[in-house]
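The structure appears right after this line, and notes come after that.
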Amino acid sequence: MIEGYDAELPPDPGSSWGRAVTWGAVSSLVFASLVIATWGFVSLGLDRDVIDLPDVSVLVAPLAVAAATVVVAASVALALRRRHQGRQGALWLAAPGSILAWLAFAIVAGIVATGSRPEAGNPDALSPLPSQVAIGLSVGPFGLVIVPLAALVVVAAVLSTSRPTRPGRGPA
């Protein structure tokens with residue numbers, strides 16, 4: 001309880017990295033949910049699985065989406081910090097953030113596919129190369145939705161956290 005009226009107020013929560021990281025975490029949950037929902041609709045519409053290659057681990061897609069989600073969270077946090085510091089171009093971080101999310105998605109898909117290859121002595125197993133998995137997944141309909149969804153989430157987070165200016169108060 002505050003004893004006096006002249007007590008010092010806590011710093012503005014908008015100025016801390018904590019708020020930016022919190023918004024990044026919330027945005028990453030929104031991004032992952034959007035990807036899962038979109039993939040479900042695309043899978044139903046095209047009547048195909050996300051990973052339709054034989055002998056590829058089921059962990060390829062979830063870990064690749066997790067990597068893209070981390071990049072989206074970092075992009076949101078950096079965009080919010082940039083906006084709070086008064087620098088221009090916070091919304092423009094959506095473009096490189098979404099491209100980097102897509103690249104992280106492709107790279108992690110290739111890395112995880114490396115671990116899911118069958119043993120070399122097994123002559124019956126025809127497995128795709130990790131680069132085939134990464135390229136096939138990232139340029140297919142499931143991978144291409146990463147870019148617009150990431151951009152949408154970054155722009156929405158930046159716009160939803162901005163404060164409107166009130167008469168007599170000045171810019172936020």
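Labeling convention for the structure tokens: chains A, B, ... as they appear, residues from 1 per chain, ligands from 1 in order of appearance.
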
Query raised in the report: Which residues come within 10 Å of range 51-68 of chain A, counting only C-alpha atoms, excluding same-chain residues fewer than 3 positions away, as number ranges by chain?
Result: A: 28, 31-32, 35-36, 48, 71-74, 97-118, 125-130, 132-134, 136-138, 142-143, 146-147, 150

Selected residues written out, N, CA and C atoms, as a CSV table (one decimal), in the first residue's frame:
```
chain,number,residue,atom,x,y,z
A,28,SER,N,4.1,-15.6,-30.4
A,28,SER,CA,4.6,-17.0,-30.9
A,28,SER,C,3.5,-18.0,-30.8
A,31,PHE,N,1.1,-17.4,-33.5
A,31,PHE,CA,1.7,-17.8,-34.8
A,31,PHE,C,1.6,-19.4,-34.9
A,32,ALA,N,2.0,-20.1,-33.9
A,32,ALA,CA,1.9,-21.5,-33.9
A,32,ALA,C,0.5,-22.0,-34.1
A,35,VAL,N,-0.5,-21.5,-37.8
A,35,VAL,CA,0.2,-22.4,-38.6
A,35,VAL,C,-0.5,-23.8,-38.6
A,36,ILE,N,-0.9,-24.2,-37.4
A,36,ILE,CA,-1.5,-25.5,-37.2
A,36,ILE,C,-2.9,-25.5,-37.9
A,48,ARG,N,-3.8,-34.1,-48.8
A,48,ARG,CA,-2.5,-34.7,-48.6
A,48,ARG,C,-1.9,-34.4,-47.3
A,71,VAL,N,11.8,-17.4,-34.2
A,71,VAL,CA,12.1,-16.3,-35.0
A,71,VAL,C,11.0,-15.2,-35.0
A,72,VAL,N,9.8,-15.7,-35.0
A,72,VAL,CA,8.7,-14.7,-35.0
A,72,VAL,C,8.6,-14.0,-33.7
A,73,ALA,N,8.8,-14.7,-32.6
A,73,ALA,CA,8.9,-14.1,-31.2
A,73,ALA,C,10.0,-13.1,-31.1
A,74,ALA,N,11.1,-13.4,-31.7
A,74,ALA,CA,12.3,-12.4,-31.7
A,74,ALA,C,12.0,-11.2,-32.5
A,97,GLY,N,11.6,-10.5,-40.8
A,97,GLY,CA,11.2,-11.5,-39.8
A,97,GLY,C,10.5,-12.7,-40.4
A,98,SER,N,9.7,-12.4,-41.4
A,98,SER,CA,8.9,-13.5,-42.0
A,98,SER,C,9.8,-14.4,-42.9
A,99,ILE,N,10.7,-13.7,-43.6
A,99,ILE,CA,11.7,-14.5,-44.4
A,99,ILE,C,12.6,-15.3,-43.6
A,100,LEU,N,13.1,-14.7,-42.5
A,100,LEU,CA,14.0,-15.5,-41.5
A,100,LEU,C,13.2,-16.6,-40.9
A,101,ALA,N,12.0,-16.4,-40.6
A,101,ALA,CA,11.2,-17.5,-40.0
A,101,ALA,C,11.1,-18.7,-41.0
A,102,TRP,N,10.9,-18.3,-42.3
A,102,TRP,CA,10.8,-19.4,-43.3
A,102,TRP,C,12.1,-20.1,-43.5
A,103,LEU,N,13.2,-19.3,-43.5
A,103,LEU,CA,14.5,-19.9,-43.6
A,103,LEU,C,14.8,-20.9,-42.4
A,104,ALA,N,14.5,-20.4,-41.2
A,104,ALA,CA,14.6,-21.3,-40.0
A,104,ALA,C,13.8,-22.5,-40.1
A,105,PHE,N,12.6,-22.4,-40.7
A,105,PHE,CA,11.8,-23.5,-40.9
A,105,PHE,C,12.4,-24.5,-41.8
A,106,ALA,N,13.0,-24.1,-42.9
A,106,ALA,CA,13.6,-24.9,-43.9
A,106,ALA,C,14.9,-25.6,-43.4
A,107,ILE,N,15.7,-24.8,-42.7
A,107,ILE,CA,17.0,-25.3,-42.2
A,107,ILE,C,16.7,-26.4,-41.1
A,108,VAL,N,15.8,-26.1,-40.2
A,108,VAL,CA,15.6,-27.1,-39.1
A,108,VAL,C,14.9,-28.3,-39.7
A,109,ALA,N,14.1,-28.2,-40.7
A,109,ALA,CA,13.5,-29.4,-41.4
A,109,ALA,C,14.6,-30.3,-42.0
A,110,GLY,N,15.6,-29.6,-42.6
A,110,GLY,CA,16.7,-30.4,-43.1
A,110,GLY,C,17.6,-31.1,-42.1
A,111,ILE,N,17.8,-30.4,-41.0
A,111,ILE,CA,18.6,-30.9,-39.9
A,111,ILE,C,17.9,-32.1,-39.2
A,112,VAL,N,16.6,-31.9,-39.0
A,112,VAL,CA,15.8,-33.0,-38.3
A,112,VAL,C,15.7,-34.2,-39.3
A,113,ALA,N,15.6,-33.9,-40.6
A,113,ALA,CA,15.5,-35.0,-41.5
A,113,ALA,C,16.8,-35.8,-41.6
A,114,THR,N,17.9,-35.2,-41.3
A,114,THR,CA,19.2,-35.9,-41.3
A,114,THR,C,19.2,-37.0,-40.2
A,115,GLY,N,18.6,-36.7,-39.1
A,115,GLY,CA,18.6,-37.7,-38.0
A,115,GLY,C,17.6,-38.8,-38.3
A,116,SER,N,16.6,-38.6,-39.2
A,116,SER,CA,15.6,-39.6,-39.5
A,116,SER,C,15.9,-40.5,-40.6
A,117,ARG,N,17.1,-40.4,-41.2
A,117,ARG,CA,17.5,-41.3,-42.3
A,117,ARG,C,17.7,-42.7,-41.9
A,118,PRO,N,17.3,-43.7,-42.7
A,118,PRO,CA,17.6,-45.1,-42.3
A,118,PRO,C,19.1,-45.4,-42.4
A,125,ALA,N,15.4,-49.5,-48.0
A,125,ALA,CA,15.0,-48.2,-47.6
A,125,ALA,C,15.5,-47.1,-48.6
A,126,LEU,N,14.5,-46.5,-49.3
A,126,LEU,CA,14.8,-45.4,-50.1
A,126,LEU,C,14.4,-44.1,-49.4
A,127,SER,N,15.3,-43.4,-48.9
A,127,SER,CA,15.0,-42.2,-48.2
A,127,SER,C,15.4,-41.0,-48.9
A,128,PRO,N,14.6,-39.9,-48.8
A,128,PRO,CA,15.0,-38.7,-49.4
A,128,PRO,C,16.2,-38.1,-48.6
A,129,LEU,N,17.0,-37.3,-49.3
A,129,LEU,CA,18.0,-36.6,-48.7
A,129,LEU,C,17.5,-35.4,-47.8
A,130,PRO,N,18.2,-35.0,-46.8
A,130,PRO,CA,17.7,-33.9,-46.0
A,130,PRO,C,17.4,-32.6,-46.8
A,132,GLN,N,16.3,-32.6,-49.8
A,132,GLN,CA,15.0,-32.8,-50.5
A,132,GLN,C,13.9,-32.6,-49.5
A,133,VAL,N,14.0,-33.0,-48.3
A,133,VAL,CA,13.0,-32.8,-47.3
A,133,VAL,C,12.8,-31.3,-47.0
A,134,ALA,N,13.9,-30.6,-46.8
A,134,ALA,CA,13.9,-29.2,-46.5
A,134,ALA,C,13.3,-28.4,-47.6
A,136,GLY,N,11.5,-29.5,-50.2
A,136,GLY,CA,10.1,-30.0,-50.5
A,136,GLY,C,9.1,-29.4,-49.6
A,137,LEU,N,9.5,-29.4,-48.3
A,137,LEU,CA,8.6,-28.9,-47.3
A,137,LEU,C,8.4,-27.4,-47.3
A,138,SER,N,9.6,-26.7,-47.5
A,138,SER,CA,9.5,-25.2,-47.5
A,138,SER,C,9.0,-24.6,-48.7
A,142,PHE,N,2.6,-26.1,-47.6
A,142,PHE,CA,2.7,-26.0,-46.2
A,142,PHE,C,3.8,-25.0,-45.7
A,143,GLY,N,4.9,-25.0,-46.4
A,143,GLY,CA,6.0,-24.1,-46.1
A,143,GLY,C,5.7,-22.7,-46.5
A,146,ILE,N,4.1,-20.0,-44.1
A,146,ILE,CA,4.9,-19.5,-43.0
A,146,ILE,C,5.1,-18.0,-43.2
A,147,VAL,N,5.5,-17.6,-44.4
A,147,VAL,CA,5.8,-16.2,-44.7
A,147,VAL,C,4.7,-15.2,-44.4
A,150,ALA,N,3.7,-15.3,-40.6
A,150,ALA,CA,4.7,-14.6,-39.7
A,150,ALA,C,4.6,-13.1,-39.9
```

Requested in this report: Excluding Leu46 in chain A and residues on its chain fewer than 4 positions from it, collect all residues at most 12 Å away from it, counting only C-alpha atoms, and give them as a count of residues only.
Outcome: 9

Requested in this report: Pick out the residues sitting within 12 Å of Val158 in chain A, and hand them over as a ChimeraX atom specification; count only C-alpha atoms, and ignore anything fewer than 5 positions along from it in its own chain.
Outcome: /A:20,23-24,27,73,75-84,89-94,151-153,163

Restrict the selected residues to N, CA and C atoms and save them as a short mmCIF file (atom, residue, chain, number, x, y, z; two decimals), in the first residue's frame.
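File written: again_9.cif
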```cif
data_model
loop_
_atom_site.label_atom_id
_atom_site.label_comp_id
_atom_site.auth_asym_id
_atom_site.auth_seq_id
_atom_site.Cartn_x
_atom_site.Cartn_y
_atom_site.Cartn_z
N ALA A 20 8.37 -6.48 -24.07
CA ALA A 20 8.59 -6.88 -25.46
C ALA A 20 8.70 -8.40 -25.59
N TRP A 23 5.20 -9.95 -25.14
CA TRP A 23 4.43 -9.85 -26.37
C TRP A 23 4.97 -10.80 -27.43
N GLY A 24 6.28 -10.99 -27.45
CA GLY A 24 6.86 -11.96 -28.38
C GLY A 24 6.40 -13.37 -28.09
N SER A 27 2.77 -13.66 -29.09
CA SER A 27 2.70 -13.69 -30.55
C SER A 27 3.16 -15.03 -31.11
N ALA A 73 8.84 -14.74 -32.58
CA ALA A 73 8.86 -14.12 -31.25
C ALA A 73 9.98 -13.08 -31.15
N SER A 75 11.30 -11.44 -33.66
CA SER A 75 10.96 -10.33 -34.54
C SER A 75 9.96 -9.39 -33.86
N VAL A 76 8.99 -9.94 -33.18
CA VAL A 76 8.01 -9.11 -32.48
C VAL A 76 8.69 -8.33 -31.36
N ALA A 77 9.53 -8.99 -30.59
CA ALA A 77 10.22 -8.30 -29.49
C ALA A 77 11.11 -7.17 -30.02
N LEU A 78 11.84 -7.43 -31.09
CA LEU A 78 12.70 -6.39 -31.65
C LEU A 78 11.89 -5.25 -32.25
N ALA A 79 10.79 -5.56 -32.89
CA ALA A 79 9.94 -4.51 -33.46
C ALA A 79 9.34 -3.63 -32.38
N LEU A 80 8.92 -4.24 -31.28
CA LEU A 80 8.35 -3.45 -30.18
C LEU A 80 9.41 -2.58 -29.51
N ARG A 81 10.60 -3.12 -29.34
CA ARG A 81 11.68 -2.30 -28.76
C ARG A 81 12.05 -1.16 -29.70
N ARG A 82 12.08 -1.42 -30.98
CA ARG A 82 12.41 -0.39 -31.96
C ARG A 82 11.36 0.72 -31.92
N ARG A 83 10.09 0.33 -31.87
CA ARG A 83 9.03 1.33 -31.82
C ARG A 83 9.09 2.13 -30.54
N HIS A 84 9.36 1.46 -29.42
CA HIS A 84 9.40 2.17 -28.15
C HIS A 84 10.57 3.16 -28.09
N GLY A 89 10.26 2.53 -38.65
CA GLY A 89 10.38 1.26 -39.36
C GLY A 89 10.11 0.02 -38.55
N ALA A 90 9.35 0.14 -37.45
CA ALA A 90 9.05 -1.06 -36.66
C ALA A 90 8.20 -2.04 -37.46
N LEU A 91 7.30 -1.51 -38.28
CA LEU A 91 6.46 -2.41 -39.09
C LEU A 91 7.25 -3.08 -40.19
N TRP A 92 8.33 -2.45 -40.64
CA TRP A 92 9.13 -3.05 -41.71
C TRP A 92 9.89 -4.28 -41.25
N LEU A 93 9.99 -4.49 -39.96
CA LEU A 93 10.64 -5.71 -39.46
C LEU A 93 9.82 -6.96 -39.75
N ALA A 94 8.57 -6.79 -40.18
CA ALA A 94 7.75 -7.94 -40.52
C ALA A 94 8.30 -8.66 -41.75
N ALA A 151 4.43 -12.59 -41.13
CA ALA A 151 4.29 -11.15 -41.34
C ALA A 151 3.01 -10.62 -40.69
N LEU A 152 1.93 -11.37 -40.81
CA LEU A 152 0.67 -10.97 -40.21
C LEU A 152 0.78 -10.86 -38.69
N VAL A 153 1.43 -11.80 -38.07
CA VAL A 153 1.55 -11.80 -36.61
C VAL A 153 2.44 -10.64 -36.14
N ARG A 163 -0.28 2.79 -28.60
CA ARG A 163 -1.26 3.56 -27.86
C ARG A 163 -1.69 4.77 -28.69
#
```

Query - Computed interatomic separation between CA of Ala95 in chain A and CA of Ala25 in chain A (Å) - result: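 Distance reported for this atom pair: 19.0 Å.
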
**Report entry** Atomic separation - CA of Ser131 in chain A relative to CA of Leu149 in chain A, Å
**Finding:** 23.7 Å

Report task. Report the residues of range 38-162 of chain A whose backbone DSSP state falls under alpha helix (DSSP H), written as an MDAnalysis selection string. Result -> chainID A and resid 38:46 60:84 94:115 130:138 141:144 146:160
